[in-house]
$ cat start26.txt   # compact mmCIF, C-alpha atoms
# COMPACT_ATOMS: atom_id res chain seq x y z
CA MET A 646 -9.91 5.68 29.95
CA GLN A 647 -8.62 2.33 31.21
CA THR A 648 -10.49 0.56 28.39
CA LEU A 649 -8.80 2.87 25.87
CA ILE A 650 -5.33 2.10 27.23
CA ARG A 651 -5.95 -1.64 26.84
CA SER A 652 -7.20 -1.15 23.28
CA PRO A 653 -4.87 -1.62 20.28
CA LEU A 654 -6.11 1.81 19.20
CA PHE A 655 -4.21 3.34 22.12
CA PHE A 656 -0.94 2.67 20.28
CA ILE A 657 -2.38 4.22 17.13
CA TYR A 658 -3.38 7.32 19.07
CA LEU A 659 0.04 7.49 20.68
CA ALA A 660 1.69 7.28 17.24
CA VAL A 661 -0.52 10.13 15.99
CA LEU A 662 0.33 12.20 19.07
CA VAL A 663 4.06 11.60 18.52
CA ASN A 664 3.60 12.73 14.91
CA ALA A 665 1.91 15.97 15.88
CA VAL A 666 4.52 16.71 18.52
CA ALA A 667 7.20 15.96 15.92
CA PHE A 668 5.71 18.48 13.55
CA SER A 669 5.28 21.30 16.04
CA LEU A 670 8.13 21.05 18.54
CA VAL A 671 10.57 22.75 16.19
CA PHE A 672 8.66 26.01 15.85
CA PRO A 673 9.80 27.86 18.98
CA LEU A 674 13.35 26.70 18.27
CA LEU A 675 13.61 28.01 14.71
CA PRO A 676 14.96 31.44 15.72
CA LEU A 677 17.70 29.71 17.72
CA TYR A 678 18.67 27.54 14.76
CA ALA A 679 18.55 30.57 12.46
CA LYS A 680 20.98 32.38 14.72
CA GLN A 681 23.26 29.37 15.21
CA PHE A 682 23.51 28.57 11.49
CA HIS A 683 23.12 32.15 10.12
CA MET A 684 20.05 31.17 8.11
CA SER A 685 17.98 33.61 6.09
CA ASP A 686 14.27 34.05 6.69
CA LEU A 687 13.58 32.14 3.47
CA ALA A 688 15.81 29.24 4.53
CA LEU A 689 14.10 29.17 7.90
CA GLY A 690 10.68 29.08 6.26
CA LEU A 691 11.77 26.25 4.01
CA LEU A 692 13.14 24.34 6.98
CA ALA A 693 9.82 24.76 8.79
CA SER A 694 7.80 23.64 5.77
CA SER A 695 10.05 20.77 4.63
CA PHE A 696 8.28 18.36 7.00
CA ALA A 697 4.85 19.17 5.53
CA ILE A 698 6.20 19.11 1.96
CA ALA A 699 7.45 15.56 2.52
CA GLN A 700 4.08 14.57 3.94
CA LEU A 701 2.26 16.07 0.98
CA LEU A 702 4.44 14.22 -1.51
CA LEU A 703 4.70 10.84 0.19
CA SER A 704 1.47 10.16 2.07
CA PRO A 705 -0.15 8.47 -0.97
CA PHE A 706 2.95 6.31 -1.46
CA TRP A 707 2.91 5.09 2.14
CA GLY A 708 -0.84 4.60 2.01
CA THR A 709 -0.41 2.30 -0.98
CA LEU A 710 2.30 0.34 0.82
CA SER A 711 0.05 0.09 3.86
CA ASP A 712 -2.70 -1.41 1.68
CA LYS A 713 -0.23 -3.89 0.22
CA PHE A 714 1.85 -4.92 3.26
CA GLY A 715 -0.40 -4.10 6.21
CA ARG A 716 -0.83 -1.22 8.61
CA LYS A 717 1.43 -2.37 11.43
CA PRO A 718 4.70 -2.69 9.44
CA ILE A 719 4.26 0.71 7.81
CA ILE A 720 3.43 2.39 11.13
CA ALA A 721 6.48 0.69 12.69
CA ILE A 722 8.75 1.81 9.82
CA GLY A 723 7.41 5.33 10.18
CA LEU A 724 8.07 5.48 13.91
CA LEU A 725 11.54 3.99 13.61
CA GLY A 726 12.43 6.38 10.78
CA MET A 727 11.10 9.34 12.72
CA SER A 728 13.17 8.32 15.70
CA ALA A 729 16.35 8.14 13.61
CA SER A 730 15.64 11.46 11.90
CA PHE A 731 15.12 13.15 15.27
CA PHE A 732 18.51 11.93 16.42
CA VAL A 733 20.12 13.24 13.23
CA PHE A 734 18.44 16.63 13.70
CA ALA A 735 19.74 16.77 17.27
CA ILE A 736 23.36 16.33 16.15
CA ALA A 737 23.12 18.32 12.90
CA ALA A 738 26.16 20.51 12.41
CA SER A 739 25.01 22.23 9.22
CA PRO A 740 21.84 23.68 7.71
CA LEU A 741 21.91 20.97 5.03
CA LEU A 742 21.74 18.23 7.67
CA LEU A 743 18.91 20.09 9.40
CA PHE A 744 16.98 20.18 6.11
CA VAL A 745 17.63 16.54 5.30
CA SER A 746 16.64 15.31 8.75
CA ARG A 747 13.55 17.54 8.92
CA PHE A 748 12.45 16.37 5.47
CA PHE A 749 12.89 12.75 6.56
CA GLN A 750 10.88 13.43 9.71
CA GLY A 751 8.07 14.34 7.31
CA VAL A 752 8.76 11.33 5.08
CA PHE A 753 8.38 8.92 7.97
CA SER A 754 5.53 10.85 9.55
CA SER A 755 3.66 10.42 6.28
CA ALA A 756 3.97 6.66 6.75
CA VAL A 757 2.27 6.79 10.13
CA LEU A 758 -0.71 9.08 9.59
CA PRO A 759 -2.49 7.46 6.62
CA SER A 760 -1.74 4.00 7.99
CA ALA A 761 -3.10 4.95 11.41
CA ARG A 762 -6.31 6.25 9.88
CA ALA A 763 -6.63 3.14 7.72
CA TYR A 764 -6.01 0.94 10.77
CA ILE A 765 -8.87 2.66 12.55
CA ALA A 766 -11.16 2.30 9.53
CA ASP A 767 -10.24 -1.40 9.29
CA SER A 768 -10.65 -2.23 12.95
CA THR A 769 -13.69 -0.28 14.12
CA SER A 770 -17.36 -0.82 13.52
CA ALA A 771 -19.32 1.74 11.55
CA ALA A 772 -20.90 2.88 14.82
CA ASP A 773 -17.53 3.50 16.51
CA ARG A 774 -15.53 4.79 13.54
CA VAL A 775 -16.43 8.46 13.84
CA LYS A 776 -15.59 8.45 17.54
CA ALA A 777 -12.26 6.74 16.85
CA MET A 778 -11.41 9.23 14.11
CA GLY A 779 -12.38 11.99 16.54
CA TYR A 780 -9.71 10.70 18.90
CA VAL A 781 -7.21 11.00 16.03
CA GLY A 782 -8.18 14.64 15.67
CA ALA A 783 -7.85 15.14 19.42
CA CYS A 784 -4.38 13.55 19.40
CA LEU A 785 -3.31 15.80 16.53
CA ALA A 786 -4.59 18.90 18.34
CA THR A 787 -2.94 17.83 21.60
CA GLY A 788 0.37 17.30 19.83
CA PHE A 789 0.13 20.69 18.09
CA ILE A 790 -0.54 22.32 21.47
CA PHE A 791 2.12 20.55 23.51
CA GLY A 792 4.82 20.14 20.85
CA PRO A 793 5.99 23.77 21.03
CA VAL A 794 5.73 23.75 24.83
CA PHE A 795 7.72 20.51 25.00
CA GLY A 796 10.29 21.88 22.53
CA GLY A 797 10.67 25.23 24.26
CA TYR A 798 10.90 23.73 27.74
CA LEU A 799 13.54 21.15 26.86
CA ALA A 800 15.52 23.57 24.68
CA ALA A 801 16.00 25.76 27.75
CA GLN A 802 18.22 22.94 29.04
CA SER A 803 19.92 22.21 25.72
CA LEU A 804 18.98 22.97 22.11
CA PRO A 805 19.29 19.36 20.89
CA LEU A 806 17.40 17.93 23.89
CA PRO A 807 13.86 18.22 22.43
CA PHE A 808 14.93 16.18 19.41
CA LEU A 809 16.76 13.61 21.48
CA ALA A 810 13.69 13.24 23.69
CA ALA A 811 11.37 13.02 20.66
CA GLY A 812 13.66 10.37 19.17
CA VAL A 813 13.45 8.32 22.36
CA VAL A 814 9.65 8.69 22.54
CA ALA A 815 9.25 7.69 18.87
CA PHE A 816 11.50 4.69 19.44
CA LEU A 817 9.55 3.62 22.53
CA ASN A 818 6.32 3.99 20.54
CA PHE A 819 7.90 1.80 17.83
CA LEU A 820 8.64 -0.89 20.44
CA LEU A 821 5.10 -0.69 21.81
CA VAL A 822 3.61 -0.98 18.32
CA MET A 823 5.79 -3.98 17.53
CA ARG A 824 4.85 -5.70 20.77
CA PHE A 825 1.19 -4.84 21.24
CA LEU A 826 -0.43 -3.67 18.00
CA THR A 827 -2.28 -6.41 16.21
CA GLU A 828 -2.47 -6.41 12.43

$ encode --input "start26.txt" --output "structure tokens"
Amino acid sequence: MQTLIRSPLFFIYLAVLVNAVAFSLVFPLLPLYAKQFHMSDLALGLLASSFAIAQLLLSPFWGTLSDKFGRKPIIAIGLLGMSASFFVFAIAASPLLLFVSRFFQGVFSSAVLPSARAYIADSTSAADRVKAMGYVGACLATGFIFGPVFGGYLAAQSLPLPFLAAGVVAFLNFLLVMRFLTE
């Protein structure tokens, strides 16, 4: 474990974990937002899926930019953008702002995931690549498991708190990537 923490891949895995938490922390909170903003079931479903829609549409775009400009800057942009979009979601005073910020969470998440996978492919040997990609899968699963728990627990204190905390974590991950991740 200590070897993993000293590895540049640790920051990649952390970025993937932040992404998965970002995707899933909203789910237990959706009924609360529906009630607060008087949203229909359809609107709520669209809000939930807007993150994934953005990822579907923009992952190839970010992947191309990552090939052109490098993995580190695209991962950093993704984390910084996710951080900002979390803060906007936390202070959203209308359903439109919720949709815009959730969509942009997906936009910036789609910068991180393909670039993280490409970083791993670029920086691991053929013998270690499958194991490294397995860690990506484990980070995704861990984030999908703990995101709703994290969201539900913090929302018991305050509804915006999970998004403020996620914004801080994404920003800290951005700082770590800028400082420690090698290109």

$ atom_distance --input "start26.txt" --atom1 "atom CA of Ala766 of chain A" --atom2 "atom CA of Met823 of chain A"
19.8 Å

$ residues_around --input "start26.txt" --residues "Phe789 of chain A" --least-positions-apart "2" --cutoff "9 Å" --atoms "all atoms listed in the file" --output "number ranges by chain"
A: 662, 665-670, 784-787, 791-793

$ write_last_selection --input "start26.txt" --atoms "C-alpha atoms" --output "tab-separated table (two decimals), keeping the file's coordinate frame"
chain	number	residue	atom	x	y	z
A	662	LEU	CA	0.33	12.20	19.07
A	665	ALA	CA	1.91	15.97	15.88
A	666	VAL	CA	4.52	16.71	18.52
A	667	ALA	CA	7.20	15.96	15.92
A	668	PHE	CA	5.71	18.48	13.55
A	669	SER	CA	5.28	21.30	16.04
A	670	LEU	CA	8.13	21.05	18.54
A	784	CYS	CA	-4.38	13.55	19.40
A	785	LEU	CA	-3.31	15.80	16.53
A	786	ALA	CA	-4.59	18.90	18.34
A	787	THR	CA	-2.94	17.83	21.60
A	791	PHE	CA	2.12	20.55	23.51
A	792	GLY	CA	4.82	20.14	20.85
A	793	PRO	CA	5.99	23.77	21.03

$ residues_around --input "start26.txt" --residues "segment 767-778 of chain A" --least-positions-apart "2" --cutoff "10 Å" --atoms "all atoms listed in the file" --output "list of chain:residue names"
A:Pro653, A:Leu654, A:Tyr658, A:Arg716, A:Ala761, A:Arg762, A:Ala763, A:Tyr764, A:Ile765, A:Tyr780, A:Val781, A:Gly782, A:Ala783, A:Cys784, A:Thr827, A:Glu828

$ closest_residue --input "start26.txt" --among "A:Val661, A:Val822, A:Ala735, A:Leu741" --to "Ala800 of chain A" --atoms "all atoms listed in the file"
A:Ala735

$ closest_residue --input "start26.txt" --among "A:Met727, A:Ala688, A:Leu677, A:Ala697" --to "Phe749 of chain A" --atoms "all atoms listed in the file"
A:Met727

$ decode --input "start26.txt" --residues "segment 696-709 of chain A" --atoms "all heavy atoms" --output "compact mmCIF listing (two decimals), in the first residue's frame"
# COMPACT_ATOMS: atom_id res chain seq x y z
N PHE A 696 -25.48 14.27 -15.82
CA PHE A 696 -24.05 14.01 -15.61
C PHE A 696 -23.56 12.99 -16.63
O PHE A 696 -22.57 13.20 -17.34
CB PHE A 696 -23.86 13.49 -14.18
CG PHE A 696 -22.44 13.26 -13.74
CD1 PHE A 696 -21.84 14.15 -12.87
CD2 PHE A 696 -21.72 12.15 -14.14
CE1 PHE A 696 -20.54 13.94 -12.41
CE2 PHE A 696 -20.42 11.93 -13.70
CZ PHE A 696 -19.83 12.83 -12.82
N ALA A 697 -24.26 11.86 -16.73
CA ALA A 697 -23.85 10.78 -17.63
C ALA A 697 -24.03 11.19 -19.10
O ALA A 697 -23.24 10.79 -19.95
CB ALA A 697 -24.65 9.52 -17.33
N ILE A 698 -25.03 11.99 -19.40
CA ILE A 698 -25.22 12.48 -20.77
C ILE A 698 -24.02 13.32 -21.19
O ILE A 698 -23.49 13.17 -22.29
CB ILE A 698 -26.54 13.28 -20.89
CG1 ILE A 698 -27.74 12.35 -20.75
CG2 ILE A 698 -26.59 14.06 -22.21
CD1 ILE A 698 -29.07 13.06 -20.56
N ALA A 699 -23.58 14.19 -20.30
CA ALA A 699 -22.40 15.02 -20.60
C ALA A 699 -21.18 14.14 -20.82
O ALA A 699 -20.39 14.38 -21.74
CB ALA A 699 -22.15 16.01 -19.46
N GLN A 700 -21.01 13.13 -19.99
CA GLN A 700 -19.88 12.22 -20.17
C GLN A 700 -19.94 11.51 -21.52
O GLN A 700 -18.93 11.39 -22.21
CB GLN A 700 -19.84 11.17 -19.06
CG GLN A 700 -19.28 11.66 -17.77
CD GLN A 700 -19.07 10.52 -16.78
OE1 GLN A 700 -19.88 9.62 -16.67
NE2 GLN A 700 -17.97 10.58 -16.07
N LEU A 701 -21.10 11.04 -21.87
CA LEU A 701 -21.29 10.34 -23.14
C LEU A 701 -20.91 11.23 -24.32
O LEU A 701 -20.21 10.81 -25.24
CB LEU A 701 -22.74 9.87 -23.28
CG LEU A 701 -23.13 9.25 -24.61
CD1 LEU A 701 -22.47 7.90 -24.78
CD2 LEU A 701 -24.65 9.13 -24.70
N LEU A 702 -21.34 12.48 -24.27
CA LEU A 702 -21.11 13.39 -25.38
C LEU A 702 -19.67 13.90 -25.45
O LEU A 702 -19.15 14.12 -26.55
CB LEU A 702 -22.06 14.59 -25.28
CG LEU A 702 -23.56 14.26 -25.40
CD1 LEU A 702 -24.38 15.52 -25.13
CD2 LEU A 702 -23.88 13.67 -26.76
N LEU A 703 -19.03 14.10 -24.31
CA LEU A 703 -17.76 14.82 -24.31
C LEU A 703 -16.51 14.00 -24.01
O LEU A 703 -15.40 14.51 -24.17
CB LEU A 703 -17.86 16.00 -23.35
CG LEU A 703 -18.83 17.07 -23.87
CD1 LEU A 703 -19.22 18.03 -22.79
CD2 LEU A 703 -18.25 17.78 -25.07
N SER A 704 -16.64 12.76 -23.60
CA SER A 704 -15.44 11.96 -23.35
C SER A 704 -14.52 11.88 -24.56
O SER A 704 -13.30 12.03 -24.42
CB SER A 704 -15.82 10.56 -22.86
OG SER A 704 -16.30 10.61 -21.55
N PRO A 705 -15.04 11.64 -25.77
CA PRO A 705 -14.12 11.60 -26.93
C PRO A 705 -13.40 12.93 -27.16
O PRO A 705 -12.22 12.95 -27.52
CB PRO A 705 -15.04 11.26 -28.10
CG PRO A 705 -16.22 10.60 -27.49
CD PRO A 705 -16.40 11.26 -26.15
N PHE A 706 -14.09 14.03 -26.95
CA PHE A 706 -13.49 15.36 -27.11
C PHE A 706 -12.31 15.52 -26.15
O PHE A 706 -11.21 15.92 -26.55
CB PHE A 706 -14.55 16.44 -26.86
CG PHE A 706 -13.99 17.82 -26.69
CD1 PHE A 706 -13.55 18.55 -27.80
CD2 PHE A 706 -13.90 18.41 -25.44
CE1 PHE A 706 -13.03 19.83 -27.64
CE2 PHE A 706 -13.39 19.68 -25.27
CZ PHE A 706 -12.95 20.39 -26.38
N TRP A 707 -12.52 15.22 -24.88
CA TRP A 707 -11.46 15.36 -23.89
C TRP A 707 -10.33 14.38 -24.15
O TRP A 707 -9.16 14.69 -23.92
CB TRP A 707 -12.01 15.20 -22.48
CG TRP A 707 -12.82 16.35 -22.00
CD1 TRP A 707 -14.17 16.37 -21.79
CD2 TRP A 707 -12.36 17.66 -21.67
NE1 TRP A 707 -14.56 17.60 -21.34
CE2 TRP A 707 -13.46 18.42 -21.26
CE3 TRP A 707 -11.11 18.26 -21.68
CZ2 TRP A 707 -13.36 19.74 -20.86
CZ3 TRP A 707 -11.00 19.59 -21.27
CH2 TRP A 707 -12.13 20.32 -20.87
N GLY A 708 -10.68 13.18 -24.61
CA GLY A 708 -9.65 12.21 -24.94
C GLY A 708 -8.73 12.72 -26.04
O GLY A 708 -7.51 12.56 -25.98
N THR A 709 -9.32 13.37 -27.04
CA THR A 709 -8.53 13.95 -28.13
C THR A 709 -7.63 15.06 -27.60
O THR A 709 -6.45 15.14 -27.97
CB THR A 709 -9.46 14.49 -29.23
OG1 THR A 709 -10.26 13.41 -29.72
CG2 THR A 709 -8.69 15.11 -30.37
